[in-house]
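Read through the structure below, which is laid out as structure tokens, and then see the notes.
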Amino acid sequence: MLALRHRFRLIWGFSAACGTIAAVIAGPVMGALPAPFLPLAGTLALLAAAAAFTTKLLGTWLGPLGVPVATLLLLTVGNSTSGATIGVVLLPRLARVVSGLLPPGAAIRAVADLSYFGGAHVSGPLITLALWAVIGALLVGLRSRRVAAR
């Protein structure tokens, strides 16, 4: 079994690779997003890290039930409230609030801001993504230390 630090390095590395590949496909290859490449790749890497560490966190703390809970939280609730298919302003009030707090909604806001508004308000969504990734990693590490201490 890999040590926790090695698993974390793999998650960060895989997240960086996912963000870079997604930015290449969405940007230069398909021309779907006019965002600058490096900020786009960084945003998508943060989204991948936030999703990975949140899933790892829920799996670590909740056991086998954690992955379905992560799926419900990030995919079902996160994607449906992200504002990607319809504008955020058209979502019901509660969905608008939830949207900005979950990684998919934060990523949509960051990508739209980078693509169409020159990154004027990108810091809030990027902080949200970073918090999901870092807090998830910290709580996984905390749980691993508690288990190892037993």
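By convention here, the chains of the structure tokens are called A, B, ... in the order presented, each chain's residues are numbered starting at 1, and ligands are numbered starting at 1 in the order presented.
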
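The list of residues with at least one atom within 8 Å of region 105-110 of chain A, based on only C-alpha atoms and without residues fewer than 4 positions apart in the same chain, reads A:Thr43, A:Leu44, A:Leu47, A:Gly78, A:Asn79, A:Thr81, A:Ser82, A:Gly83, A:Ala84, A:Ser99, A:Gly100, A:Leu101, A:Leu114, A:Gly119, A:His121, A:Val122, A:Ser123, A:Pro125, A:Leu126, A:Thr128, A:Leu129.
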
Just the selected residues (C-alpha atoms), exported as a compact mmCIF listing (two decimals), in the first residue's frame, please.
# COMPACT_ATOMS: atom_id res chain seq x y z
CA THR A 43 -8.63 26.17 -12.93
CA LEU A 44 -9.45 22.77 -14.38
CA LEU A 47 -11.49 21.33 -10.14
CA GLY A 78 -22.96 20.06 -8.10
CA ASN A 79 -23.55 19.73 -11.83
CA THR A 81 -26.71 23.66 -9.73
CA SER A 82 -23.51 24.72 -11.52
CA GLY A 83 -25.22 27.05 -13.96
CA ALA A 84 -23.46 25.45 -16.91
CA SER A 99 -23.88 26.58 -6.89
CA GLY A 100 -21.13 28.93 -5.83
CA LEU A 101 -20.14 26.75 -2.88
CA LEU A 114 -11.53 33.89 -17.58
CA GLY A 119 -10.49 37.21 -15.06
CA HIS A 121 -13.71 38.16 -10.54
CA VAL A 122 -11.92 34.84 -10.75
CA SER A 123 -10.37 34.91 -7.27
CA PRO A 125 -14.21 30.74 -7.43
CA LEU A 126 -10.51 29.78 -7.37
CA THR A 128 -13.52 27.94 -3.36
CA LEU A 129 -11.86 25.24 -5.48

### Spatial neighbours of Leu38 (chain A), max dist 10 Å, only C-alpha atoms, sep filter under 4 positions, as a list in words
Gly19, Thr20, Ala23, Val24, Gly42, Thr43 and Leu44 of chain A

### Summary
Students should find that CA of Met1 (chain A) and CA of Arg146 (chain A) are spaced 17.5 Å

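The closest residue to Val77 (chain A), picked from A:Pro104, A:Pro36, A:Gly136, A:Gly63 and counting only C-alpha atoms, is A:Pro104.
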
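Between Leu10 (chain A) and the candidates A:Ala26, A:Leu40, A:Ala52, A:Leu94, the tightest atom-to-atom separation, counting only C-alpha atoms, involves A:Ala52.
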
#### Entry: Test item, helix (DSSP H, G or I) assignment across chain A, answer as an NGL selection string
:A and (4-29 or 37-80 or 88-90 or 93-101 or 103-116 or 123-149)

### Task
Rank nothing, just name the residue among A:Ala51, A:Ala112, A:Leu46, A:Ala17 nearest to Val88 (chain A), using only C-alpha atoms.
A:Ala112

### Message
Taking 2 positions as the minimum chain separation for residues in the same chain, which residues sit within 9 Å of Lys56 (chain A) when counting only C-alpha atoms? Answer as a PyMOL selection string.
### Response
chain A and resi 51-54+58-61+66-67+70+136-137+140

Just-selected residues, C-alpha atoms written as a PDB file, in the first residue's frame:
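Dumped everything to part-v1.pdb:
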ATOM      1  CA  ALA A  51     -13.267  16.469  -6.769  1.00  0.00           C
ATOM      2  CA  ALA A  52     -10.531  13.914  -6.074  1.00  0.00           C
ATOM      3  CA  PHE A  53      -9.788  15.039  -2.523  1.00  0.00           C
ATOM      4  CA  THR A  54     -13.485  15.403  -1.689  1.00  0.00           C
ATOM      5  CA  LEU A  58     -15.767  11.011   1.979  1.00  0.00           C
ATOM      6  CA  GLY A  59     -14.443   7.526   1.225  1.00  0.00           C
ATOM      7  CA  THR A  60     -11.981   7.765   4.102  1.00  0.00           C
ATOM      8  CA  TRP A  61     -14.479   9.049   6.655  1.00  0.00           C
ATOM      9  CA  GLY A  66     -18.419   7.700   0.814  1.00  0.00           C
ATOM     10  CA  VAL A  67     -18.103   7.295  -2.948  1.00  0.00           C
ATOM     11  CA  ALA A  70     -19.445  12.094  -3.250  1.00  0.00           C
ATOM     12  CA  GLY A 136     -10.194  17.583   1.810  1.00  0.00           C
ATOM     13  CA  ALA A 137      -6.495  16.710   1.856  1.00  0.00           C
ATOM     14  CA  VAL A 140      -7.869  12.806   4.912  1.00  0.00           C
TER      15      VAL A 140
END

### Task
Find, counting only C-alpha atoms, the residue in A:Leu73, A:Ala35, A:Ile25, A:Ala49 that gets nearest to Arg9 (chain A).
A:Ala49

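Considering only C-alpha atoms, the residue among A:Leu74, A:Pro28, A:Ala45, A:Pro34 positioned nearest to Phe117 (chain A) is A:Pro34.
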